>>> print(open('my_file.cif').read())   # mmCIF, C-alpha atoms and all ligand atoms
data_data
loop_
_atom_site.group_PDB
_atom_site.id
_atom_site.type_symbol
_atom_site.label_atom_id
_atom_site.label_comp_id
_atom_site.auth_asym_id
_atom_site.auth_seq_id
_atom_site.Cartn_x
_atom_site.Cartn_y
_atom_site.Cartn_z
ATOM 1 C CA MET M 1 -4.528 -4.133 8.233
ATOM 2 C CA SER M 2 -2.955 -1.443 10.262
ATOM 3 C CA GLY M 3 -2.949 -0.059 13.750
ATOM 4 C CA ALA M 4 -5.563 2.556 14.455
ATOM 5 C CA GLY M 5 -4.265 6.077 14.592
ATOM 6 C CA GLY M 6 -6.476 8.201 16.783
ATOM 7 C CA ALA M 7 -4.366 11.078 18.077
ATOM 8 C CA ALA M 8 -7.246 13.520 18.240
ATOM 9 C CA ASP M 9 -4.975 16.210 19.673
ATOM 10 C CA PHE M 10 -3.060 16.401 16.404
ATOM 11 C CA ASP M 11 -5.971 17.809 14.487
ATOM 12 C CA ARG M 12 -4.220 19.939 11.932
ATOM 13 C CA PRO M 13 -3.089 18.403 8.645
ATOM 14 C CA GLY M 14 0.625 18.151 8.417
ATOM 15 C CA PHE M 15 1.065 18.978 12.078
ATOM 16 C CA GLY M 16 4.029 16.949 13.154
ATOM 17 C CA GLY M 17 3.110 16.432 16.763
ATOM 18 C CA PRO M 18 4.651 18.213 19.741
ATOM 19 C CA ASP M 19 8.158 16.893 19.226
ATOM 20 C CA PHE M 20 8.437 16.839 15.447
ATOM 21 C CA ASP M 21 10.814 19.549 14.308
ATOM 22 C CA GLY M 22 11.858 18.282 10.889
ATOM 23 C CA PRO M 23 11.030 20.042 7.631
ATOM 24 C CA GLY M 24 7.580 19.270 6.232
ATOM 25 C CA LEU M 25 7.912 16.186 4.045
ATOM 26 C CA LEU M 26 5.401 17.538 1.568
ATOM 27 C CA ASP M 27 6.921 21.004 1.246
ATOM 28 C CA GLY M 28 7.395 21.708 -2.456
ATOM 29 C CA VAL M 29 6.279 18.197 -3.418
ATOM 30 C CA ALA M 30 4.322 18.021 -6.673
ATOM 31 C CA SER M 31 4.335 14.271 -7.333
ATOM 32 C CA VAL M 32 4.304 11.216 -5.091
ATOM 33 C CA LEU M 33 4.649 7.519 -5.884
ATOM 34 C CA PHE M 34 3.040 5.053 -3.463
ATOM 35 C CA VAL M 35 4.392 1.508 -3.491
ATOM 36 C CA HIS M 36 2.102 -1.206 -2.131
ATOM 37 C CA ALA M 37 2.042 -4.991 -2.158
ATOM 38 C CA HIS M 38 -1.614 -5.909 -2.699
ATOM 39 C CA PRO M 39 -4.849 -4.435 -3.998
ATOM 40 C CA ASP M 40 -6.570 -2.781 -0.991
ATOM 41 C CA ASP M 41 -3.374 -1.785 0.882
ATOM 42 C CA GLU M 42 -3.360 1.598 -0.851
ATOM 43 C CA THR M 43 -6.801 2.322 0.578
ATOM 44 C CA ILE M 44 -6.625 0.587 3.971
ATOM 45 C CA SER M 45 -3.218 1.918 4.934
ATOM 46 C CA THR M 46 -2.889 5.169 3.013
ATOM 47 C CA GLY M 47 -6.273 6.032 1.501
ATOM 48 C CA ALA M 48 -6.740 9.128 3.642
ATOM 49 C CA LEU M 49 -3.204 10.299 2.917
ATOM 50 C CA ILE M 50 -3.691 9.816 -0.820
ATOM 51 C CA ALA M 51 -6.952 11.772 -0.669
ATOM 52 C CA GLU M 52 -5.148 14.546 1.218
ATOM 53 C CA LEU M 53 -2.329 14.734 -1.325
ATOM 54 C CA VAL M 54 -4.790 14.830 -4.202
ATOM 55 C CA ALA M 55 -6.719 17.612 -2.411
ATOM 56 C CA ARG M 56 -3.454 19.547 -2.179
ATOM 57 C CA GLY M 57 -2.979 19.257 -5.932
ATOM 58 C CA ILE M 58 -0.197 16.673 -5.723
ATOM 59 C CA ARG M 59 -0.055 14.115 -8.532
ATOM 60 C CA VAL M 60 -0.284 10.637 -7.000
ATOM 61 C CA SER M 61 0.885 7.468 -8.746
ATOM 62 C CA LEU M 62 0.484 3.946 -7.410
ATOM 63 C CA LEU M 63 2.642 0.865 -7.945
ATOM 64 C CA THR M 64 1.056 -2.409 -6.826
ATOM 65 C CA ALA M 65 3.304 -5.470 -6.650
ATOM 66 C CA THR M 66 0.843 -8.375 -6.738
ATOM 67 C CA ARG M 67 -2.756 -9.048 -7.646
ATOM 68 C CA GLY M 68 -3.820 -10.256 -4.219
ATOM 69 C CA GLU M 69 -4.187 -13.835 -5.397
ATOM 70 C CA GLN M 70 -3.881 -15.371 -1.934
ATOM 71 C CA GLY M 71 -6.343 -13.243 -0.042
ATOM 72 C CA ASP M 72 -9.598 -14.826 1.116
ATOM 73 C CA VAL M 73 -12.890 -13.716 -0.398
ATOM 74 C CA VAL M 74 -15.690 -12.095 1.579
ATOM 75 C CA PRO M 75 -18.452 -14.711 2.036
ATOM 76 C CA GLY M 76 -21.286 -13.982 -0.374
ATOM 77 C CA PRO M 77 -21.792 -13.662 -4.114
ATOM 78 C CA LEU M 78 -18.070 -13.301 -4.854
ATOM 79 C CA SER M 79 -17.097 -16.469 -2.920
ATOM 80 C CA VAL M 80 -17.202 -18.525 -6.115
ATOM 81 C CA LEU M 81 -14.144 -16.613 -7.334
ATOM 82 C CA GLU M 82 -11.864 -17.884 -4.564
ATOM 83 C CA GLY M 83 -8.859 -19.709 -5.974
ATOM 84 C CA THR M 84 -9.738 -18.903 -9.603
ATOM 85 C CA ASP M 85 -8.144 -16.676 -12.218
ATOM 86 C CA ALA M 86 -11.380 -14.714 -12.238
ATOM 87 C CA LEU M 87 -10.507 -13.483 -8.748
ATOM 88 C CA THR M 88 -7.366 -11.853 -10.112
ATOM 89 C CA HIS M 89 -9.436 -10.049 -12.722
ATOM 90 C CA GLU M 90 -12.029 -8.987 -10.152
ATOM 91 C CA ARG M 91 -9.372 -7.579 -7.822
ATOM 92 C CA GLU M 92 -7.804 -5.693 -10.700
ATOM 93 C CA GLN M 93 -11.173 -4.079 -11.388
ATOM 94 C CA GLU M 94 -11.675 -3.322 -7.698
ATOM 95 C CA LEU M 95 -8.254 -1.718 -7.495
ATOM 96 C CA GLN M 96 -8.953 0.419 -10.546
ATOM 97 C CA ARG M 97 -12.228 1.686 -9.082
ATOM 98 C CA ALA M 98 -10.620 2.401 -5.702
ATOM 99 C CA ALA M 99 -7.763 4.260 -7.386
ATOM 100 C CA GLU M 100 -10.230 6.389 -9.334
ATOM 101 C CA THR M 101 -12.196 7.093 -6.148
ATOM 102 C CA LEU M 102 -9.065 8.280 -4.336
ATOM 103 C CA GLY M 103 -8.000 10.432 -7.276
ATOM 104 C CA ILE M 104 -4.874 8.467 -8.191
ATOM 105 C CA ALA M 105 -3.560 9.767 -11.495
ATOM 106 C CA ALA M 106 -1.601 6.747 -12.740
ATOM 107 C CA ARG M 107 -1.337 3.119 -11.746
ATOM 108 C CA PHE M 108 1.395 0.563 -12.443
ATOM 109 C CA ARG M 109 1.983 -3.164 -11.914
ATOM 110 C CA LEU M 110 5.329 -4.443 -10.732
ATOM 111 C CA GLY M 111 7.013 -6.595 -13.364
ATOM 112 C CA GLU M 112 5.362 -4.774 -16.274
ATOM 113 C CA ARG M 113 6.920 -1.858 -18.069
ATOM 114 C CA PRO M 114 7.659 0.801 -17.044
ATOM 115 C CA ALA M 115 7.979 -1.009 -13.690
ATOM 116 C CA ARG M 116 10.297 -3.620 -15.221
ATOM 117 C CA ALA M 117 14.051 -3.292 -15.435
ATOM 118 C CA GLY M 118 16.073 -3.270 -18.626
ATOM 119 C CA HIS M 119 15.021 -5.645 -21.354
ATOM 120 C CA LEU M 120 13.642 -8.312 -19.063
ATOM 121 C CA GLN M 121 10.432 -10.017 -20.061
ATOM 122 C CA ARG M 122 7.235 -9.170 -18.234
ATOM 123 C CA ARG M 123 6.954 -10.946 -14.915
ATOM 124 C CA VAL M 124 4.030 -11.605 -12.598
ATOM 125 C CA TYR M 125 4.905 -11.409 -8.911
ATOM 126 C CA ARG M 126 2.334 -13.420 -7.034
ATOM 127 C CA ASP M 127 0.919 -12.713 -3.621
ATOM 128 C CA SER M 128 3.020 -14.705 -1.125
ATOM 129 C CA GLY M 129 0.203 -15.182 1.360
ATOM 130 C CA MET M 130 0.633 -15.064 5.123
ATOM 131 C CA LYS M 131 -0.544 -16.603 8.341
ATOM 132 C CA TRP M 132 -1.178 -15.028 11.706
ATOM 133 C CA ILE M 133 1.584 -15.635 14.254
ATOM 134 C CA ARG M 134 -0.370 -13.791 16.914
ATOM 135 C CA PRO M 135 -3.126 -11.179 16.757
ATOM 136 C CA GLY M 136 -1.833 -8.226 14.785
ATOM 137 C CA LEU M 137 1.377 -9.879 13.577
ATOM 138 C CA ALA M 138 1.625 -11.837 10.321
ATOM 139 C CA GLY M 139 4.348 -14.210 9.186
ATOM 140 C CA PRO M 140 5.140 -16.367 6.150
ATOM 141 C CA ALA M 141 2.495 -18.783 4.879
ATOM 142 C CA ASP M 142 3.143 -22.523 5.107
ATOM 143 C CA ASP M 143 3.061 -22.960 1.320
ATOM 144 C CA ILE M 144 4.690 -20.321 -0.858
ATOM 145 C CA ASP M 145 4.501 -20.442 -4.672
ATOM 146 C CA ASP M 146 7.757 -20.475 -6.619
ATOM 147 C CA ASP M 147 6.647 -17.287 -8.371
ATOM 148 C CA ALA M 148 5.640 -15.545 -5.144
ATOM 149 C CA LEU M 149 7.002 -12.076 -4.525
ATOM 150 C CA VAL M 150 9.097 -13.168 -1.544
ATOM 151 C CA ARG M 151 10.811 -15.880 -3.621
ATOM 152 C CA ALA M 152 11.994 -13.352 -6.214
ATOM 153 C CA PRO M 153 15.507 -11.986 -5.777
ATOM 154 C CA LEU M 154 15.390 -8.707 -3.874
ATOM 155 C CA ALA M 155 17.721 -7.151 -6.448
ATOM 156 C CA GLU M 156 15.272 -7.937 -9.259
ATOM 157 C CA VAL M 157 12.299 -6.488 -7.393
ATOM 158 C CA ALA M 158 14.290 -3.404 -6.441
ATOM 159 C CA ALA M 159 15.439 -2.930 -10.037
ATOM 160 C CA ASP M 160 11.831 -3.022 -11.245
ATOM 161 C CA VAL M 161 10.798 -0.404 -8.685
ATOM 162 C CA ALA M 162 13.847 1.667 -9.648
ATOM 163 C CA ALA M 163 12.887 1.489 -13.321
ATOM 164 C CA LEU M 164 9.536 3.096 -12.533
ATOM 165 C CA ILE M 165 11.128 5.734 -10.318
ATOM 166 C CA ALA M 166 13.569 6.560 -13.110
ATOM 167 C CA GLN M 167 10.644 7.020 -15.476
ATOM 168 C CA LEU M 168 8.363 9.035 -13.173
ATOM 169 C CA ARG M 169 10.963 10.947 -11.161
ATOM 170 C CA PRO M 170 8.536 11.506 -8.245
ATOM 171 C CA ASP M 171 9.393 14.123 -5.630
ATOM 172 C CA LEU M 172 8.664 11.582 -2.894
ATOM 173 C CA VAL M 173 8.205 7.798 -2.701
ATOM 174 C CA ILE M 174 6.052 6.364 0.091
ATOM 175 C CA SER M 175 5.832 2.722 1.199
ATOM 176 C CA TYR M 176 5.634 0.522 4.293
ATOM 177 C CA ASP M 177 7.906 0.656 7.304
ATOM 178 C CA ASN M 178 10.459 -2.111 7.785
ATOM 179 C CA GLY M 179 7.904 -4.203 9.665
ATOM 180 C CA GLY M 180 5.478 -3.988 6.769
ATOM 181 C CA GLY M 181 2.853 -2.375 8.995
ATOM 182 C CA TYR M 182 1.840 -5.673 10.572
ATOM 183 C CA GLY M 183 4.443 -8.133 9.332
ATOM 184 C CA HIS M 184 3.018 -9.363 6.017
ATOM 185 C CA PRO M 185 6.043 -10.792 4.180
ATOM 186 C CA ASP M 186 5.081 -9.024 0.937
ATOM 187 C CA HIS M 187 4.860 -5.677 2.728
ATOM 188 C CA VAL M 188 8.282 -6.188 4.305
ATOM 189 C CA ARG M 189 9.709 -7.134 0.924
ATOM 190 C CA MET M 190 8.287 -4.028 -0.732
ATOM 191 C CA HIS M 191 9.760 -1.845 2.010
ATOM 192 C CA GLU M 192 13.178 -3.375 1.358
ATOM 193 C CA ALA M 193 12.884 -3.158 -2.420
ATOM 194 C CA THR M 194 11.534 0.386 -2.411
ATOM 195 C CA LEU M 195 14.196 1.640 -0.031
ATOM 196 C CA ALA M 196 16.901 0.054 -2.194
ATOM 197 C CA ALA M 197 15.354 1.509 -5.351
ATOM 198 C CA CYS M 198 15.174 4.989 -3.830
ATOM 199 C CA ARG M 199 18.797 4.788 -2.771
ATOM 200 C CA ALA M 200 19.803 3.693 -6.278
ATOM 201 C CA GLU M 201 17.826 6.497 -7.923
ATOM 202 C CA SER M 202 18.549 9.155 -5.267
ATOM 203 C CA ALA M 203 14.819 9.542 -4.699
ATOM 204 C CA PRO M 204 13.424 10.702 -1.333
ATOM 205 C CA PHE M 205 11.724 7.871 0.567
ATOM 206 C CA ALA M 206 9.263 8.059 3.437
ATOM 207 C CA GLU M 207 7.824 5.131 5.345
ATOM 208 C CA VAL M 208 4.295 5.021 6.723
ATOM 209 C CA VAL M 209 3.991 4.808 10.500
ATOM 210 C CA HIS M 210 0.786 4.253 12.428
ATOM 211 C CA ASP M 211 1.656 5.809 15.761
ATOM 212 C CA PRO M 212 2.812 9.376 16.370
ATOM 213 C CA ALA M 213 6.559 9.574 16.873
ATOM 214 C CA PRO M 214 8.980 12.469 17.363
ATOM 215 C CA ASP M 215 10.734 11.694 14.091
ATOM 216 C CA ALA M 216 7.562 11.314 12.022
ATOM 217 C CA GLU M 217 5.288 13.942 10.539
ATOM 218 C CA TRP M 218 1.719 13.209 11.593
ATOM 219 C CA PHE M 219 -1.377 13.696 9.460
ATOM 220 C CA ALA M 220 -4.840 13.634 11.038
ATOM 221 C CA LEU M 221 -7.246 13.325 8.142
ATOM 222 C CA ASP M 222 -10.725 12.676 9.478
ATOM 223 C CA ARG M 223 -12.214 14.899 6.796
ATOM 224 C CA HIS M 224 -11.430 12.256 4.158
ATOM 225 C CA LEU M 225 -13.628 9.611 5.812
ATOM 226 C CA ALA M 226 -16.249 9.683 3.059
ATOM 227 C CA THR M 227 -13.668 9.305 0.279
ATOM 228 C CA VAL M 228 -11.839 6.503 2.077
ATOM 229 C CA THR M 229 -15.093 4.703 2.843
ATOM 230 C CA ALA M 230 -16.125 4.905 -0.815
ATOM 231 C CA ALA M 231 -12.725 3.567 -1.913
ATOM 232 C CA LEU M 232 -12.873 0.768 0.651
ATOM 233 C CA ARG M 233 -16.264 -0.304 -0.670
ATOM 234 C CA CYS M 234 -14.648 -0.805 -4.088
ATOM 235 C CA HIS M 235 -12.685 -3.728 -2.597
ATOM 236 C CA ALA M 236 -15.819 -5.798 -2.128
ATOM 237 C CA SER M 237 -14.082 -9.172 -2.558
ATOM 238 C CA GLN M 238 -11.731 -8.388 0.311
ATOM 239 C CA LEU M 239 -13.694 -6.462 2.925
ATOM 240 C CA THR M 240 -16.899 -4.802 3.954
ATOM 241 C CA VAL M 241 -17.390 -1.509 5.746
ATOM 242 C CA ASP M 242 -19.435 -1.314 8.930
ATOM 243 C CA GLY M 243 -19.738 2.270 10.101
ATOM 244 C CA ALA M 244 -16.231 3.444 10.968
ATOM 245 C CA HIS M 245 -14.809 -0.089 10.811
ATOM 246 C CA ILE M 246 -13.409 -2.368 8.157
ATOM 247 C CA VAL M 247 -14.516 -5.988 8.384
ATOM 248 C CA HIS M 248 -12.033 -8.286 6.643
ATOM 249 C CA SER M 249 -12.966 -11.451 4.780
ATOM 250 C CA GLY M 250 -12.138 -13.536 7.841
ATOM 251 C CA GLY M 251 -14.324 -11.384 10.085
ATOM 252 C CA GLN M 252 -11.527 -9.360 11.750
ATOM 253 C CA ARG M 253 -12.527 -5.763 12.441
ATOM 254 C CA GLU M 254 -10.327 -2.693 12.485
ATOM 255 C CA PRO M 255 -11.094 1.013 12.596
ATOM 256 C CA ILE M 256 -10.781 2.859 9.297
ATOM 257 C CA THR M 257 -7.350 4.501 9.302
ATOM 258 C CA LEU M 258 -7.689 8.285 9.064
ATOM 259 C CA ALA M 259 -4.379 9.310 10.620
ATOM 260 C CA VAL M 260 -0.903 8.297 9.543
ATOM 261 C CA GLY M 261 2.650 9.442 9.978
ATOM 262 C CA LEU M 262 5.495 9.716 7.505
ATOM 263 C CA ARG M 263 9.120 9.190 8.467
ATOM 264 C CA ALA M 264 11.875 10.141 6.056
ATOM 265 C CA LEU M 265 14.567 7.470 5.740
HETATM 266 ZN ZN ZN S 301 -1.219 -6.152 1.849
#
>>> encode(input="my_file.cif", output="structure tokens", more="lines below")
Ligand SMILES: [Zn+2]
Amino acid sequence: MSGAGGAADFDRPGFGGPDFDGPGLLDGVASVLFVHAHPDDETISTGALIAELVARGIRVSLLTATRGEQGDVVPGPLSVLEGTDALTHEREQELQRAAETLGIAARFRLGERPARAGHLQRRVYRDSGMKWIRPGLAGPADDIDDDALVRAPLAEVAADVAALIAQLRPDLVISYDNGGGYGHPDHVRMHEATLAACRAESAPFAEVVHDPAPDAEWFALDRHLATVTAALRCHASQLTVDGAHIVHSGGQREPITLAVGLRAL
């Protein structure tokens, strides 16, 4: 989930808003790596931005940390998958289709080479789950698996992200802000790990923000609605699309995000 970015007055792509006077974050950028925690985050939070980058001829890669094991399933034919290994497989397929729809060139899983440090064995980082603390703000779940992402040492996660950055050498790395967008512990962890990895590899990092700010470059991307909607529909176990809204498995509605900001850190 994410806050809705309306900001109709910022209707030019890449227009930084009235107070933004920094250099364009995408100037001269030919390759971007997005780092996300769960299948569907790439589309919900940054689908329009990915579509925009692809339209500009930028090569987009995606690193996803978990397989979304803890997320609920949309009531209906896929409900039988809830809590089973088959759900993991289904979400992998959904993610692949969404990535293809958005035009993502390459996709990676955290804990698997090349997103695995040194000579360490492959590792599966599991979805840590969450619970709502109040509307719009998530916190840690009551029960967290030992192999959940948030239980893994930050240094290990960061080293895995760094290994992929070292391999790809992207011109820009994009991930969550330090609040994880809405507080999901896995999002916060991936912000921390990605920032640390970028520092270690001297790679430029930008965080996604959902409200215009003087220090963030703002992108209003309504023209990618059709692409984002098509990618969202790929995540059928997690959400449905109702007009210009996403309906999550638990029934929560949010507008489809078609405007985001980037803040260089
Ligand atoms: Zn997520």
>>> residues_near_ligand(input="my_file.cif", ligand="ligand ZN 301 (chain S)", cutoff="9 Å", atoms="all atoms listed in the file", output="number ranges by chain")
M: 1, 36-42, 44-45, 68, 71, 127, 180, 184-187
>>> closest_residue(input="my_file.cif", among="M:Ser79, M:Gln121, M:Ser175, M:Ser61", to="Ala264 of chain M", atoms="all atoms listed in the file")
M:Ser175
>>> closest_atom_pairs(input="my_file.cif", of="segment 85-107 of chain M", to="segment 226-234 of chain M", cutoff="12 Å", atoms="only C-alpha atoms", output="CSV")
residue,atom,partner,partner_atom,distance
M:Glu90,CA,M:Cys234,CA,10.5
M:Arg91,CA,M:Cys234,CA,9.4
M:Glu92,CA,M:Cys234,CA,10.7
M:Gln93,CA,M:Cys234,CA,8.7
M:Glu94,CA,M:Cys234,CA,5.3
M:Leu95,CA,M:Cys234,CA,7.3
M:Gln96,CA,M:Cys234,CA,8.7
M:Arg97,CA,M:Cys234,CA,6.1
M:Ala98,CA,M:Ala231,CA,4.5
M:Ala99,CA,M:Ala231,CA,7.4
M:Glu100,CA,M:Ala231,CA,8.3
M:Thr101,CA,M:Ala231,CA,5.5
M:Leu102,CA,M:Ala231,CA,6.4
M:Gly103,CA,M:Thr227,CA,9.5
M:Ile104,CA,M:Ala231,CA,11.2
>>> resolve_selection(input="my_file.cif", expression="the PyMOL selection byres (((chain M and resi 75) around 12) and not hetatm)", output="ChimeraX atom specification")
/M:72-74,76-82,236-240,247-251
>>> residues_around(input="my_file.cif", residues="Leu25 of chain M", least_positions_apart="4", cutoff="9 Å", atoms="all atoms listed in the file", output="PyMOL selection string")
chain M and resi 14+29+172+206+217+262-264
>>> resolve_selection(input="my_file.cif", expression="the PyMOL selection byres (((chain M and resi 179) around 10) and not hetatm)", output="PyMOL selection string")
chain M and resi 137-138+176-178+180-185+187-189+191-192+209
>>> write_last_selection(input="my_file.cif", atoms="C-alpha atoms", output="PDB file, in the coordinates of the input")
ATOM      1  CA  LEU M 137       1.377  -9.879  13.577  1.00  0.00           C
ATOM      2  CA  ALA M 138       1.625 -11.837  10.321  1.00  0.00           C
ATOM      3  CA  TYR M 176       5.634   0.522   4.293  1.00  0.00           C
ATOM      4  CA  ASP M 177       7.906   0.656   7.304  1.00  0.00           C
ATOM      5  CA  ASN M 178      10.459  -2.111   7.785  1.00  0.00           C
ATOM      6  CA  GLY M 180       5.478  -3.988   6.769  1.00  0.00           C
ATOM      7  CA  GLY M 181       2.853  -2.375   8.995  1.00  0.00           C
ATOM      8  CA  TYR M 182       1.840  -5.673  10.572  1.00  0.00           C
ATOM      9  CA  GLY M 183       4.443  -8.133   9.332  1.00  0.00           C
ATOM     10  CA  HIS M 184       3.018  -9.363   6.017  1.00  0.00           C
ATOM     11  CA  PRO M 185       6.043 -10.792   4.180  1.00  0.00           C
ATOM     12  CA  HIS M 187       4.860  -5.677   2.728  1.00  0.00           C
ATOM     13  CA  VAL M 188       8.282  -6.188   4.305  1.00  0.00           C
ATOM     14  CA  ARG M 189       9.709  -7.134   0.924  1.00  0.00           C
ATOM     15  CA  HIS M 191       9.760  -1.845   2.010  1.00  0.00           C
ATOM     16  CA  GLU M 192      13.178  -3.375   1.358  1.00  0.00           C
ATOM     17  CA  VAL M 209       3.991   4.808  10.500  1.00  0.00           C
TER      18      VAL M 209
END
>>> closest_residue(input="my_file.cif", among="M:Gln252, M:His235, M:Pro140, M:Val260", to="Ala216 of chain M", atoms="only C-alpha atoms")
M:Val260
>>> atom_distance(input="my_file.cif", atom1="atom CA of Ala220 of chain M", atom2="atom CA of Leu63 of chain M")
24.1 Å
>>> residues_near_point(input="my_file.cif", point="(12.7, 0.1, -5.5)", cutoff="6 Å", atoms="all atoms listed in the file", output="PDB file with C-alpha atoms, keeping the file's coordinate frame")
ATOM      1  CA  ALA M 158      14.290  -3.404  -6.441  1.00  0.00           C
ATOM      2  CA  VAL M 161      10.798  -0.404  -8.685  1.00  0.00           C
ATOM      3  CA  ALA M 162      13.847   1.667  -9.648  1.00  0.00           C
ATOM      4  CA  ALA M 193      12.884  -3.158  -2.420  1.00  0.00           C
ATOM      5  CA  THR M 194      11.534   0.386  -2.411  1.00  0.00           C
ATOM      6  CA  LEU M 195      14.196   1.640  -0.031  1.00  0.00           C
ATOM      7  CA  ALA M 196      16.901   0.054  -2.194  1.00  0.00           C
ATOM      8  CA  ALA M 197      15.354   1.509  -5.351  1.00  0.00           C
ATOM      9  CA  CYS M 198      15.174   4.989  -3.830  1.00  0.00           C
TER      10      CYS M 198
END
>>> closest_residue(input="my_file.cif", among="M:Leu53, M:Ile144, M:Ala259, M:Leu164", to="Glu69 of chain M", atoms="all atoms listed in the file")
M:Ile144
>>> atom_distance(input="my_file.cif", atom1="atom CA of Thr64 of chain M", atom2="atom CA of Gly118 of chain M")
19.1 Å
>>> atom_distance(input="my_file.cif", atom1="atom CA of Gly136 of chain M", atom2="atom CA of His245 of chain M")
15.8 Å
>>> closest_residue(input="my_file.cif", among="M:Ala166, M:Arg126, M:Val173, M:Pro23", to="Arg151 of chain M", atoms="all atoms listed in the file")
M:Arg126
>>> closest_residue(input="my_file.cif", among="M:Val241, M:Ala106, M:Phe34, M:Asp85", to="Phe205 of chain M", atoms="only C-alpha atoms")
M:Phe34
>>> closest_residue(input="my_file.cif", among="M:Leu87, M:Ala65, M:Leu168, M:Ala200", to="Leu149 of chain M", atoms="all atoms listed in the file")
M:Ala65
>>> axis_aligned_box(input="my_file.cif", around="segment 28-37 of chain M", padding_each_side="6 Å", output="lines of an AutoDock Vina configuration file")
center_x = 4.7
center_y = 8.4
center_z = -4.7
size_x = 17.4
size_y = 38.7
size_z = 17.2
>>> residues_near_point(input="my_file.cif", point="(6.2, -15.6, 4.8)", cutoff="7 Å", atoms="only C-alpha atoms", output="list of chain:residue names")
M:Ser128, M:Gly129, M:Met130, M:Gly139, M:Pro140, M:Ala141, M:Pro185
>>> build_atoms(input="my_file.cif", residues="segment 180-192 of chain M", atoms="N, CA, C and O atoms", output="PDB file, in the coordinates of the input")
ATOM      1  N   GLY M 180       6.595  -3.762   7.678  1.00  0.00           N
ATOM      2  CA  GLY M 180       5.478  -3.988   6.769  1.00  0.00           C
ATOM      3  C   GLY M 180       4.130  -3.636   7.370  1.00  0.00           C
ATOM      4  O   GLY M 180       3.112  -4.183   6.961  1.00  0.00           O
ATOM      5  N   GLY M 181       4.109  -2.745   8.349  1.00  0.00           N
ATOM      6  CA  GLY M 181       2.853  -2.375   8.995  1.00  0.00           C
ATOM      7  C   GLY M 181       2.453  -3.399  10.046  1.00  0.00           C
ATOM      8  O   GLY M 181       2.399  -3.102  11.225  1.00  0.00           O
ATOM      9  N   TYR M 182       2.227  -4.633   9.602  1.00  0.00           N
ATOM     10  CA  TYR M 182       1.840  -5.673  10.572  1.00  0.00           C
ATOM     11  C   TYR M 182       2.540  -7.008  10.290  1.00  0.00           C
ATOM     12  O   TYR M 182       2.115  -8.054  10.755  1.00  0.00           O
ATOM     13  N   GLY M 183       3.616  -6.939   9.510  1.00  0.00           N
ATOM     14  CA  GLY M 183       4.443  -8.133   9.332  1.00  0.00           C
ATOM     15  C   GLY M 183       4.193  -8.951   8.092  1.00  0.00           C
ATOM     16  O   GLY M 183       4.866  -9.972   7.897  1.00  0.00           O
ATOM     17  N   HIS M 184       3.246  -8.560   7.226  1.00  0.00           N
ATOM     18  CA  HIS M 184       3.018  -9.363   6.017  1.00  0.00           C
ATOM     19  C   HIS M 184       4.323  -9.443   5.222  1.00  0.00           C
ATOM     20  O   HIS M 184       4.938  -8.407   4.931  1.00  0.00           O
ATOM     21  N   PRO M 185       4.753 -10.664   4.876  1.00  0.00           N
ATOM     22  CA  PRO M 185       6.043 -10.792   4.180  1.00  0.00           C
ATOM     23  C   PRO M 185       6.141  -9.973   2.892  1.00  0.00           C
ATOM     24  O   PRO M 185       7.221  -9.466   2.570  1.00  0.00           O
ATOM     25  N   ASP M 186       5.044  -9.835   2.167  1.00  0.00           N
ATOM     26  CA  ASP M 186       5.081  -9.024   0.937  1.00  0.00           C
ATOM     27  C   ASP M 186       5.270  -7.536   1.239  1.00  0.00           C
ATOM     28  O   ASP M 186       5.930  -6.814   0.482  1.00  0.00           O
ATOM     29  N   HIS M 187       4.692  -7.089   2.340  1.00  0.00           N
ATOM     30  CA  HIS M 187       4.860  -5.677   2.728  1.00  0.00           C
ATOM     31  C   HIS M 187       6.325  -5.423   3.106  1.00  0.00           C
ATOM     32  O   HIS M 187       6.911  -4.402   2.708  1.00  0.00           O
ATOM     33  N   VAL M 188       6.882  -6.342   3.889  1.00  0.00           N
ATOM     34  CA  VAL M 188       8.282  -6.188   4.305  1.00  0.00           C
ATOM     35  C   VAL M 188       9.185  -6.173   3.070  1.00  0.00           C
ATOM     36  O   VAL M 188      10.094  -5.340   2.956  1.00  0.00           O
ATOM     37  N   ARG M 189       8.893  -7.069   2.131  1.00  0.00           N
ATOM     38  CA  ARG M 189       9.709  -7.134   0.924  1.00  0.00           C
ATOM     39  C   ARG M 189       9.622  -5.843   0.110  1.00  0.00           C
ATOM     40  O   ARG M 189      10.618  -5.354  -0.431  1.00  0.00           O
ATOM     41  N   MET M 190       8.427  -5.261   0.044  1.00  0.00           N
ATOM     42  CA  MET M 190       8.287  -4.028  -0.732  1.00  0.00           C
ATOM     43  C   MET M 190       8.938  -2.842  -0.024  1.00  0.00           C
ATOM     44  O   MET M 190       9.420  -1.911  -0.681  1.00  0.00           O
ATOM     45  N   HIS M 191       8.976  -2.869   1.306  1.00  0.00           N
ATOM     46  CA  HIS M 191       9.760  -1.845   2.010  1.00  0.00           C
ATOM     47  C   HIS M 191      11.228  -1.956   1.601  1.00  0.00           C
ATOM     48  O   HIS M 191      11.862  -0.951   1.238  1.00  0.00           O
ATOM     49  N   GLU M 192      11.756  -3.167   1.667  1.00  0.00           N
ATOM     50  CA  GLU M 192      13.178  -3.375   1.358  1.00  0.00           C
ATOM     51  C   GLU M 192      13.494  -2.978  -0.087  1.00  0.00           C
ATOM     52  O   GLU M 192      14.491  -2.290  -0.356  1.00  0.00           O
TER      53      GLU M 192
END
